[in-house]
$ cat start14.tsv   # TSV, C-alpha atoms and all ligand atoms
chain	number	residue	atom	x	y	z
A	304	MET	CA	14.16	3.01	-44.15
A	305	GLN	CA	10.83	4.58	-43.18
A	306	ALA	CA	10.81	8.14	-41.79
A	307	LEU	CA	8.01	10.44	-40.62
A	308	GLN	CA	8.61	13.55	-42.67
A	309	MET	CA	7.29	17.05	-42.86
A	310	THR	CA	6.78	17.60	-46.59
A	311	ALA	CA	4.66	20.78	-46.76
A	312	TRP	CA	3.58	23.61	-44.45
A	313	GLN	CA	0.08	23.33	-42.93
A	314	HIS	CA	0.04	19.65	-43.86
A	315	GLU	CA	0.22	16.52	-41.70
A	316	ALA	CA	3.55	14.67	-41.56
A	317	GLU	CA	3.85	11.57	-43.77
A	318	LEU	CA	5.58	8.23	-43.37
A	319	ARG	CA	7.90	7.90	-46.41
A	320	GLU	CA	10.64	5.61	-47.68
A	321	VAL	CA	14.04	7.40	-47.58
A	322	PRO	CA	17.62	6.18	-48.15
A	323	ASN	CA	19.56	4.95	-45.10
A	324	PRO	CA	21.83	7.83	-44.03
A	325	GLU	CA	25.64	7.47	-44.04
A	326	PRO	CA	27.73	9.61	-41.67
A	327	GLY	CA	30.02	12.07	-43.46
A	328	PRO	CA	33.27	13.49	-42.06
A	329	GLY	CA	32.81	14.61	-38.45
A	330	GLU	CA	29.28	13.18	-38.23
A	331	VAL	CA	27.82	10.44	-36.03
A	332	LEU	CA	25.11	7.97	-37.04
A	333	VAL	CA	22.72	7.21	-34.15
A	334	ARG	CA	20.27	4.29	-33.99
A	335	ILE	CA	17.16	5.85	-32.45
A	336	GLY	CA	15.76	4.20	-29.33
A	337	GLY	CA	13.04	6.77	-28.70
A	338	ALA	CA	11.81	10.00	-30.30
A	339	GLY	CA	9.34	12.14	-28.34
A	340	ALA	CA	6.34	13.75	-30.05
A	341	CYS	CA	6.32	17.39	-28.96
A	342	HIS	CA	3.40	19.77	-29.32
A	343	SER	CA	5.77	22.13	-31.16
A	344	ASP	CA	5.72	19.63	-34.05
A	345	LEU	CA	1.95	20.19	-34.27
A	346	HIS	CA	2.41	23.97	-34.40
A	347	LEU	CA	4.99	23.29	-37.14
A	348	THR	CA	2.89	20.93	-39.27
A	349	ASP	CA	-0.63	22.23	-38.61
A	350	GLU	CA	-0.33	25.95	-38.00
A	351	PHE	CA	2.79	27.80	-39.10
A	352	PRO	CA	2.48	29.45	-42.53
A	353	PRO	CA	5.31	29.07	-45.07
A	354	GLY	CA	8.08	31.62	-44.46
A	355	LEU	CA	7.55	32.00	-40.69
A	356	LEU	CA	10.61	29.83	-39.93
A	357	PRO	CA	13.80	29.66	-42.01
A	358	LEU	CA	13.52	25.91	-42.66
A	359	SER	CA	13.50	24.05	-45.98
A	360	LEU	CA	11.35	20.98	-46.52
A	361	PRO	CA	11.26	18.02	-46.47
A	362	PHE	CA	12.88	16.80	-43.26
A	363	THR	CA	12.23	14.02	-40.76
A	364	LEU	CA	10.45	15.18	-37.59
A	365	GLY	CA	11.60	14.39	-34.06
A	366	HIS	CA	13.70	16.83	-32.01
A	367	GLU	CA	13.63	14.88	-28.73
A	368	ASN	CA	15.85	11.86	-29.23
A	369	ALA	CA	17.99	9.21	-27.59
A	370	GLY	CA	19.54	6.00	-28.85
A	371	TRP	CA	22.87	4.28	-29.44
A	372	VAL	CA	25.89	5.32	-31.51
A	373	GLU	CA	25.68	3.16	-34.65
A	374	ALA	CA	28.66	4.38	-36.73
A	375	LEU	CA	31.24	7.16	-36.81
A	376	GLY	CA	32.05	9.31	-39.81
A	377	PRO	CA	35.70	9.87	-40.81
A	378	GLY	CA	37.67	11.77	-38.15
A	379	VAL	CA	35.21	11.38	-35.27
A	380	GLN	CA	36.80	10.64	-31.91
A	381	GLY	CA	35.66	10.49	-28.31
A	382	VAL	CA	32.45	8.46	-28.73
A	383	GLU	CA	32.17	4.69	-28.93
A	384	VAL	CA	30.02	2.62	-31.26
A	385	GLY	CA	27.22	1.10	-29.14
A	386	GLU	CA	27.31	3.89	-26.53
A	387	PRO	CA	23.82	4.94	-25.34
A	388	VAL	CA	23.37	8.68	-25.89
A	389	ALA	CA	20.93	11.54	-25.53
A	390	ILE	CA	20.97	13.98	-28.45
A	391	TYR	CA	21.13	17.67	-27.54
A	392	GLY	CA	18.66	19.00	-30.11
A	393	PRO	CA	19.34	22.72	-30.71
A	394	TRP	CA	22.19	22.91	-33.20
A	395	GLY	CA	23.89	26.27	-33.61
A	396	CYS	CA	27.04	27.40	-35.37
A	397	GLY	CA	29.17	26.09	-32.48
A	398	ARG	CA	31.47	29.13	-32.64
A	399	CYS	CA	29.53	32.22	-31.49
A	400	ARG	CA	29.56	33.49	-27.91
A	401	THR	CA	26.31	31.76	-26.85
A	402	CYS	CA	27.23	28.48	-28.60
A	403	LEU	CA	30.58	28.42	-26.80
A	404	LEU	CA	28.68	28.68	-23.50
A	405	GLY	CA	26.69	25.56	-24.45
A	406	MET	CA	23.60	27.68	-25.29
A	407	GLU	CA	23.22	26.58	-28.89
A	408	ASP	CA	19.48	27.19	-28.50
A	409	TYR	CA	20.33	30.91	-28.61
A	410	CYS	CA	22.96	30.73	-31.39
A	411	GLU	CA	23.62	34.20	-32.76
A	412	HIS	CA	23.63	32.83	-36.32
A	413	GLN	CA	20.48	30.68	-36.16
A	414	GLY	CA	18.60	32.64	-38.82
A	415	GLU	CA	21.48	32.34	-41.30
A	416	ILE	CA	22.05	28.59	-40.84
A	417	GLY	CA	18.53	27.58	-41.91
A	418	VAL	CA	18.48	24.79	-39.32
A	419	MET	CA	17.11	25.10	-35.80
A	420	GLY	CA	18.20	21.62	-34.78
A	421	ALA	CA	17.42	17.95	-34.95
A	422	GLY	CA	14.03	17.50	-36.65
A	423	LEU	CA	13.84	21.25	-37.25
A	424	GLY	CA	15.27	21.81	-40.71
A	425	ARG	CA	17.52	18.72	-40.58
A	426	ASP	CA	16.39	15.11	-40.28
A	427	GLY	CA	15.32	14.21	-36.74
A	428	GLY	CA	14.59	11.01	-34.85
A	429	MET	CA	11.27	9.77	-36.24
A	430	ALA	CA	13.20	7.09	-38.17
A	431	PRO	CA	15.43	4.15	-37.20
A	432	LEU	CA	18.64	6.08	-37.97
A	433	MET	CA	19.64	9.72	-37.66
A	434	ILE	CA	22.76	11.73	-38.48
A	435	VAL	CA	24.11	13.97	-35.71
A	436	PRO	CA	26.38	16.55	-37.38
A	437	ASN	CA	28.89	16.78	-34.54
A	438	PRO	CA	29.68	14.57	-31.50
A	439	ARG	CA	29.47	17.68	-29.27
A	440	HIS	CA	25.65	17.21	-29.40
A	441	LEU	CA	25.84	13.78	-27.72
A	442	VAL	CA	25.63	13.17	-23.97
A	443	SER	CA	26.21	9.69	-22.52
A	444	LEU	CA	23.08	8.16	-21.01
A	445	GLY	CA	24.79	5.82	-18.57
A	446	ASN	CA	22.16	3.38	-17.34
A	447	LEU	CA	19.13	5.37	-18.57
A	448	ASP	CA	16.83	3.69	-21.10
A	449	PRO	CA	16.65	5.65	-24.40
A	450	VAL	CA	12.83	5.45	-24.50
A	451	GLN	CA	12.63	7.07	-21.06
A	452	ALA	CA	15.50	9.43	-21.83
A	453	ALA	CA	14.22	10.86	-25.12
A	454	PRO	CA	11.71	13.25	-23.44
A	455	LEU	CA	14.43	14.45	-21.10
A	456	THR	CA	16.11	16.25	-24.02
A	457	ASP	CA	13.19	18.68	-24.48
A	458	ALA	CA	10.09	17.92	-22.35
A	459	ALA	CA	12.39	18.05	-19.30
A	460	LEU	CA	15.25	20.26	-20.53
A	461	THR	CA	12.95	23.14	-21.53
A	462	PRO	CA	11.14	23.42	-18.17
A	463	TYR	CA	14.45	22.78	-16.35
A	464	HIS	CA	15.92	25.89	-17.99
A	465	ALA	CA	12.78	27.92	-17.25
A	466	VAL	CA	12.81	26.84	-13.58
A	467	LYS	CA	16.53	27.40	-13.09
A	468	ARG	CA	16.46	31.01	-14.25
A	469	SER	CA	13.87	31.79	-11.55
A	470	LEU	CA	15.19	29.56	-8.79
A	471	ASP	CA	16.24	32.43	-6.51
A	472	LEU	CA	12.55	33.48	-6.26
A	473	LEU	CA	11.39	30.00	-5.26
A	474	VAL	CA	12.17	30.26	-1.55
A	475	PRO	CA	10.25	28.63	1.33
A	476	GLY	CA	6.75	30.12	1.54
A	477	SER	CA	6.68	31.11	-2.15
A	478	THR	CA	4.33	29.71	-4.80
A	479	VAL	CA	4.94	28.62	-8.38
A	480	VAL	CA	2.14	28.11	-10.90
A	481	VAL	CA	2.46	25.57	-13.74
A	482	ILE	CA	-0.08	26.16	-16.51
A	483	GLY	CA	-0.51	23.10	-18.80
A	484	VAL	CA	0.45	19.69	-17.42
A	485	GLY	CA	1.22	17.84	-20.65
A	486	GLY	CA	4.61	16.65	-21.91
A	487	LEU	CA	6.53	19.66	-20.58
A	488	GLY	CA	4.31	20.50	-17.62
A	489	HIS	CA	4.40	17.01	-16.07
A	490	MET	CA	8.21	17.23	-16.07
A	491	ALA	CA	8.08	20.80	-14.70
A	492	VAL	CA	6.14	19.66	-11.63
A	493	GLN	CA	8.77	16.99	-10.89
A	494	ILE	CA	11.69	19.37	-11.53
A	495	LEU	CA	10.17	21.93	-9.15
A	496	GLN	CA	9.71	19.21	-6.52
A	497	ALA	CA	13.35	18.22	-6.93
A	498	LEU	CA	14.88	21.71	-6.96
A	499	CYS	CA	12.90	23.96	-4.64
A	500	PRO	CA	10.67	24.21	-1.55
A	501	ALA	CA	7.98	26.38	-3.22
A	502	THR	CA	4.30	25.42	-3.16
A	503	ILE	CA	3.33	24.10	-6.60
A	504	VAL	CA	-0.05	24.98	-8.12
A	505	ALA	CA	-0.92	23.20	-11.38
A	506	VAL	CA	-3.56	24.41	-13.83
A	507	ASP	CA	-4.98	22.44	-16.75
A	508	GLN	CA	-8.21	22.05	-18.66
A	509	ARG	CA	-8.06	18.24	-18.58
A	510	GLU	CA	-9.10	16.45	-15.40
A	511	GLU	CA	-6.60	13.61	-16.06
A	512	SER	CA	-3.73	16.14	-16.24
A	513	LEU	CA	-4.71	17.48	-12.83
A	514	VAL	CA	-4.76	13.93	-11.43
A	515	LEU	CA	-1.28	13.37	-12.90
A	516	ALA	CA	-0.04	16.70	-11.48
A	517	LYS	CA	-1.18	15.64	-7.97
A	518	GLU	CA	0.46	12.26	-8.40
A	519	LEU	CA	3.75	13.94	-9.36
A	520	GLY	CA	3.80	16.31	-6.39
A	521	ALA	CA	1.67	19.40	-7.14
A	522	HIS	CA	0.29	20.74	-3.85
A	523	HIS	CA	-2.84	22.29	-5.38
A	524	VAL	CA	-4.58	21.83	-8.72
A	525	VAL	CA	-6.99	24.19	-10.45
A	526	GLN	CA	-9.22	23.43	-13.43
A	527	SER	CA	-8.80	26.18	-16.04
A	528	SER	CA	-11.93	28.32	-16.35
A	529	PRO	CA	-12.77	32.02	-16.48
A	530	ASP	CA	-12.60	32.00	-12.63
A	531	ALA	CA	-9.28	30.18	-12.44
A	532	ALA	CA	-7.38	33.34	-11.37
A	533	ALA	CA	-9.30	33.62	-8.10
A	534	ALA	CA	-8.80	29.92	-7.34
A	535	VAL	CA	-5.08	30.13	-8.14
A	536	ARG	CA	-4.62	33.24	-5.98
A	537	GLU	CA	-6.36	31.47	-3.13
A	538	ALA	CA	-4.02	28.48	-3.57
A	539	CYS	CA	-1.11	30.98	-3.43
A	540	GLY	CA	-2.28	32.12	0.01
A	541	GLY	CA	-3.69	35.34	-1.45
A	542	GLN	CA	-0.31	36.89	-2.26
A	543	GLY	CA	0.16	35.82	-5.85
A	544	ALA	CA	2.79	33.60	-7.38
A	545	ALA	CA	6.52	34.29	-7.30
A	546	VAL	CA	6.83	32.45	-10.62
A	547	VAL	CA	4.32	31.45	-13.30
A	548	LEU	CA	5.40	28.97	-15.98
A	549	ASP	CA	3.00	29.03	-18.92
A	550	PHE	CA	3.29	25.83	-21.00
A	551	VAL	CA	0.34	26.76	-23.22
A	552	GLY	CA	0.91	30.34	-24.38
A	553	THR	CA	-2.57	31.43	-25.49
A	554	ASP	CA	-4.22	34.80	-24.78
A	555	ALA	CA	-6.17	33.16	-21.94
A	556	THR	CA	-3.22	31.51	-20.21
A	557	MET	CA	-1.02	34.62	-20.46
A	558	ALA	CA	-3.86	36.72	-19.02
A	559	LEU	CA	-4.12	34.18	-16.19
A	560	GLY	CA	-0.38	34.46	-15.65
A	561	VAL	CA	-0.53	38.24	-15.30
A	562	ALA	CA	-3.56	37.99	-13.01
A	563	VAL	CA	-1.76	35.69	-10.56
A	564	VAL	CA	1.90	36.75	-10.66
A	565	ARG	CA	3.03	38.90	-7.74
A	566	PRO	CA	5.01	42.16	-7.88
A	567	LEU	CA	8.70	41.34	-8.56
A	568	GLY	CA	7.64	37.90	-9.85
A	569	HIS	CA	8.49	36.13	-13.11
A	570	LEU	CA	5.97	35.19	-15.79
A	571	THR	CA	7.76	32.81	-18.16
A	572	ILE	CA	6.06	31.95	-21.42
A	573	VAL	CA	7.20	28.60	-22.80
A	574	GLY	CA	4.10	27.51	-24.73
A	575	ILE	CA	3.86	28.55	-28.36
A	576	GLY	CA	0.07	28.80	-28.41
A	577	GLY	CA	0.03	31.94	-30.55
A	578	GLY	CA	-1.28	34.26	-27.82
A	579	SER	CA	-0.13	37.77	-26.97
A	580	LEU	CA	-0.19	39.89	-23.89
A	581	PRO	CA	-0.90	43.61	-23.61
A	582	VAL	CA	1.62	45.29	-21.31
A	583	SER	CA	0.71	48.61	-19.72
A	584	PHE	CA	1.71	50.52	-16.60
A	585	PHE	CA	-1.20	49.44	-14.41
A	586	GLY	CA	-1.85	46.24	-16.38
A	587	VAL	CA	1.01	44.19	-14.92
A	588	PRO	CA	2.24	44.01	-11.31
A	589	TYR	CA	5.14	46.34	-10.45
A	590	GLU	CA	8.52	44.95	-11.41
A	591	ALA	CA	7.08	41.70	-12.67
A	592	SER	CA	9.33	40.33	-15.44
A	593	ILE	CA	7.89	38.66	-18.50
A	594	ALA	CA	10.11	36.45	-20.63
A	595	THR	CA	9.89	33.76	-23.25
A	596	THR	CA	12.36	30.88	-23.06
A	597	TYR	CA	13.45	28.47	-25.77
A	598	TRP	CA	14.73	24.95	-24.99
A	599	GLY	CA	17.81	24.75	-22.70
A	600	THR	CA	21.60	24.53	-22.65
A	601	LEU	CA	23.92	21.55	-23.04
A	602	PRO	CA	25.20	21.83	-19.42
A	603	GLU	CA	21.56	21.85	-18.28
A	604	LEU	CA	20.92	18.63	-20.25
A	605	VAL	CA	23.80	17.03	-18.35
A	606	GLU	CA	22.08	18.13	-15.10
A	607	VAL	CA	18.66	16.86	-16.23
A	608	LEU	CA	20.14	13.43	-17.03
A	609	ALA	CA	21.79	13.39	-13.60
A	610	LEU	CA	18.43	14.16	-11.94
A	611	ALA	CA	16.84	11.28	-13.86
A	612	ARG	CA	19.66	8.89	-12.96
A	613	ALA	CA	19.17	9.88	-9.31
A	614	GLY	CA	15.51	8.86	-9.65
A	615	ARG	CA	14.24	12.40	-8.96
A	616	ILE	CA	12.41	12.86	-12.28
A	617	GLU	CA	10.88	10.33	-14.68
A	618	ALA	CA	8.96	10.93	-17.89
A	619	ARG	CA	5.59	9.19	-18.10
A	620	VAL	CA	5.64	7.76	-21.59
A	621	GLN	CA	3.09	6.30	-23.96
A	622	THR	CA	4.95	4.41	-26.74
A	623	TYR	CA	4.10	3.91	-30.43
A	624	PRO	CA	5.96	1.98	-33.15
A	625	LEU	CA	7.15	4.10	-36.11
A	626	ALA	CA	4.36	2.71	-38.31
A	627	ARG	CA	1.90	4.39	-35.88
A	628	ALA	CA	3.82	7.67	-35.45
A	629	ALA	CA	0.98	9.61	-37.10
A	630	GLU	CA	-1.32	8.20	-34.39
A	631	ALA	CA	1.00	9.56	-31.68
A	632	TYR	CA	0.53	13.05	-33.13
A	633	ALA	CA	-3.22	12.50	-33.60
A	634	ASP	CA	-3.47	11.58	-29.90
A	635	LEU	CA	-1.43	14.66	-28.95
A	636	ARG	CA	-3.71	16.82	-31.11
A	637	SER	CA	-6.86	15.43	-29.45
A	638	GLY	CA	-5.42	15.79	-25.94
A	639	SER	CA	-5.41	12.10	-25.09
A	640	VAL	CA	-1.69	11.72	-24.26
A	641	ARG	CA	-0.82	11.40	-20.57
A	642	GLY	CA	2.76	12.60	-20.13
A	643	ARG	CA	4.73	12.16	-23.37
A	644	ALA	CA	4.11	10.13	-26.54
A	645	VAL	CA	7.36	8.47	-27.61
A	646	VAL	CA	7.87	6.81	-30.99
A	647	VAL	CA	10.08	3.71	-30.81
A	648	PRO	CA	11.48	3.04	-34.29
B	701	LIG	P1	1.05	18.94	-24.61
B	701	LIG	O1	-0.03	18.92	-25.63
B	701	LIG	O2	1.70	17.66	-24.20
B	701	LIG	O3	0.52	19.64	-23.26
B	701	LIG	C1	-0.24	20.80	-23.25
B	701	LIG	C2	-1.08	20.79	-21.97
B	701	LIG	O4	-1.72	22.04	-21.83
B	701	LIG	C3	-2.17	19.74	-22.00
B	701	LIG	O5	-2.20	19.03	-20.78
B	701	LIG	C4	-3.45	20.55	-22.20
B	701	LIG	O6	-4.58	19.94	-21.62
B	701	LIG	C5	-3.07	21.84	-21.51
B	701	LIG	N1	-3.83	23.01	-21.97
B	701	LIG	C6	-4.15	23.35	-23.24
B	701	LIG	N2	-4.85	24.52	-23.24
B	701	LIG	C7	-4.95	24.91	-21.94
B	701	LIG	C8	-5.54	26.03	-21.31
B	701	LIG	N3	-6.16	26.98	-22.01
B	701	LIG	N4	-5.45	26.11	-19.96
B	701	LIG	C9	-4.83	25.16	-19.24
B	701	LIG	N5	-4.24	24.07	-19.80
B	701	LIG	C10	-4.32	23.95	-21.13
B	701	LIG	O7	2.14	19.96	-25.14
B	701	LIG	P2	3.72	20.05	-24.81
B	701	LIG	O8	4.46	19.18	-25.77
B	701	LIG	O9	3.92	19.92	-23.36
B	701	LIG	O10	4.03	21.55	-25.26
B	701	LIG	C11	3.43	22.63	-24.57
B	701	LIG	C12	3.70	23.92	-25.32
B	701	LIG	O11	5.10	24.25	-25.18
B	701	LIG	C13	3.45	23.87	-26.81
B	701	LIG	O12	2.94	25.13	-27.25
B	701	LIG	C14	4.82	23.64	-27.39
B	701	LIG	O13	4.93	24.09	-28.72
B	701	LIG	C15	5.66	24.47	-26.47
B	701	LIG	N6	7.09	24.13	-26.40
B	701	LIG	C16	7.92	25.17	-26.26
B	701	LIG	C17	9.27	24.94	-26.12
B	701	LIG	C18	10.19	26.10	-25.93
B	701	LIG	O14	11.42	25.88	-25.97
B	701	LIG	N7	9.71	27.29	-25.70
B	701	LIG	C19	9.77	23.63	-26.15
B	701	LIG	C20	8.87	22.58	-26.29
B	701	LIG	C21	7.52	22.84	-26.40
B	702	ZN	ZN	9.76	20.42	-28.45
B	703	ZN	ZN	26.32	29.99	-32.64

$ encode --input "start14.tsv" --output "structure tokens" --more "lines below"
Ligand code: NAD
Ligand code: ZN
Ligand code: ZN
Amino acid sequence: MQALQMTAWQHEAELREVPNPEPGPGEVLVRIGGAGACHSDLHLTDEFPPGLLPLSLPFTLGHENAGWVEALGPGVQGVEVGEPVAIYGPWGCGRCRTCLLGMEDYCEHQGEIGVMGAGLGRDGGMAPLMIVPNPRHLVSLGNLDPVQAAPLTDAALTPYHAVKRSLDLLVPGSTVVVIGVGGLGHMAVQILQALCPATIVAVDQREESLVLAKELGAHHVVQSSPDAAAAVREACGGQGAAVVLDFVGTDATMALGVAVVRPLGHLTIVGIGGGSLPVSFFGVPYEASIATTYWGTLPELVEVLALARAGRIEARVQTYPLARAAEAYADLRSGSVRGRAVVVP
């Protein structure tokens, strides 16, 4: 079969011929219905130097996947061939404290395992077939379409986790700022609409992202610029934001976050844009908390799928056949994807 593989660091992914995978004991073979193209894959292929992450090459990209169970390895029980499934992507040891809580994204042994998940050190979903090492990573889709559901496993799960940890701050009269309305940000706006009464302010550098943010329920939109902080503060009614979700993560967006977050607020950095933030006594508002978050938990994925089934959130997808997977990433790189690019092998 064909697979879009990462073969070298700081090198574009390549479509290559690889053997069809066979599920070993305890493993499940999934026929991929959709594999989302995440901006993290571009950081991985274009930017990260060798040695930064404990991953060995080559492997097939695609950490945002859904499809149908194709075959079961020896000993697998509890899933049915033909069942539509979402694949929970962060794969930990399954035995440590955080893994047992369903938080395999924060596995205590991640560094030792040499795999961060599907399409991150082990073959992912940018191919017709993919091995899932354990059925515990599969969640039934019910009536959701795998192409629509693929982005839910990361583009929605990651902002869902970031929103949920700050939900108690998002009371009536509060404001939340979403910086970057791409794959993750366009789901964040919908998740915020579904979960809380806060006023939503969206910031992006692309006009079409701001149009999309409005369409999806943002109350105010602000074009990113050196004066964006003043415009965002005005949209927050002058008091600052209870929560800022930064889906870009550059020096500029983090500085914007600090400039608009209110005392006691949360600035959550989700974007891996390579920026950093100086923290000093008078440089950040009193008792503001700054955190990074990574992906989300398995129970949260179950909740995200339930929100989608209830019609409260829906990924806007732009689809590409596997033969044009490189084009999906090229479009993501050039900023011409609206919502999420999904490869349909
Ligand atoms: P994307 O390319 O789909 O969207 C990025 C959006 O940010 C675009 O709309 C772009 O116009 C906008 N943007 C870029 N620079 C900006 C700036 N300076 N000011 C305002 N807006 C700006 O990317 P994505 O797939 O949504 O991923 C977003 C980021 O989140 C990436 O860095 C990705 O690696 C990261 N990510 C992190 C996690 C995690 O668990 N922490 C998970 C997935 C993705
Ligand atoms: Zn991702
Ligand atoms: Zn673990």

$ residues_around --input "start14.tsv" --residues "range 633-637 of chain A" --least-positions-apart "2" --cutoff "12 Å" --atoms "all atoms listed in the file" --output "JSON, numbers by chain"
{"A": [315, 316, 339, 340, 341, 342, 343, 344, 345, 346, 348, 349, 350, 485, 486, 509, 621, 622, 623, 627, 628, 629, 630, 631, 639, 640, 641, 642, 643, 644, 645]}

$ residues_near_ligand --input "start14.tsv" --ligand "ligand ZN 702 (chain B)" --cutoff "12 Å" --atoms "only C-alpha atoms and all ligand atoms" --output "count of residues only"
47

$ residues_near_ligand --input "start14.tsv" --ligand "ligand ZN 703 (chain B)" --cutoff "7 Å" --atoms "only C-alpha atoms and all ligand atoms" --output "list of chain:residue names"
A:Gly395, A:Cys396, A:Gly397, A:Arg398, A:Cys399, A:Arg400, A:Thr401, A:Cys402, A:Glu407, A:Cys410, A:Glu411, A:His412, A:Gln413

$ closest_residue --input "start14.tsv" --among "A:Gly552, A:Gly381, A:Gly543, A:Gly586" --to "His569 in chain A" --atoms "all atoms listed in the file"
A:Gly543

$ residues_around --input "start14.tsv" --residues "Pro581 in chain A" --least-positions-apart "5" --cutoff "10 Å" --atoms "all atoms listed in the file" --output "list of chain:residue names"
A:Asp554, A:Met557, A:Ala558, A:Val561, A:Gly586, A:Val587

$ closest_residue --input "start14.tsv" --among "A:Ala626, A:Leu444, A:Ala562, A:Val466" --to "Arg612 in chain A" --atoms "all atoms listed in the file"
A:Leu444

$ axis_aligned_box --input "start14.tsv" --around "range 591-595 of chain A" --padding-each-side "3 Å" --output "JSON"
{"center_x": 8.6, "center_y": 37.7, "center_z": -18.0, "size_x": 9.0, "size_y": 13.9, "size_z": 16.6}

$ atom_distance --input "start14.tsv" --atom1 "CA of Gly540 in chain A" --atom2 "CA of Ala501 in chain A"
12.2 Å
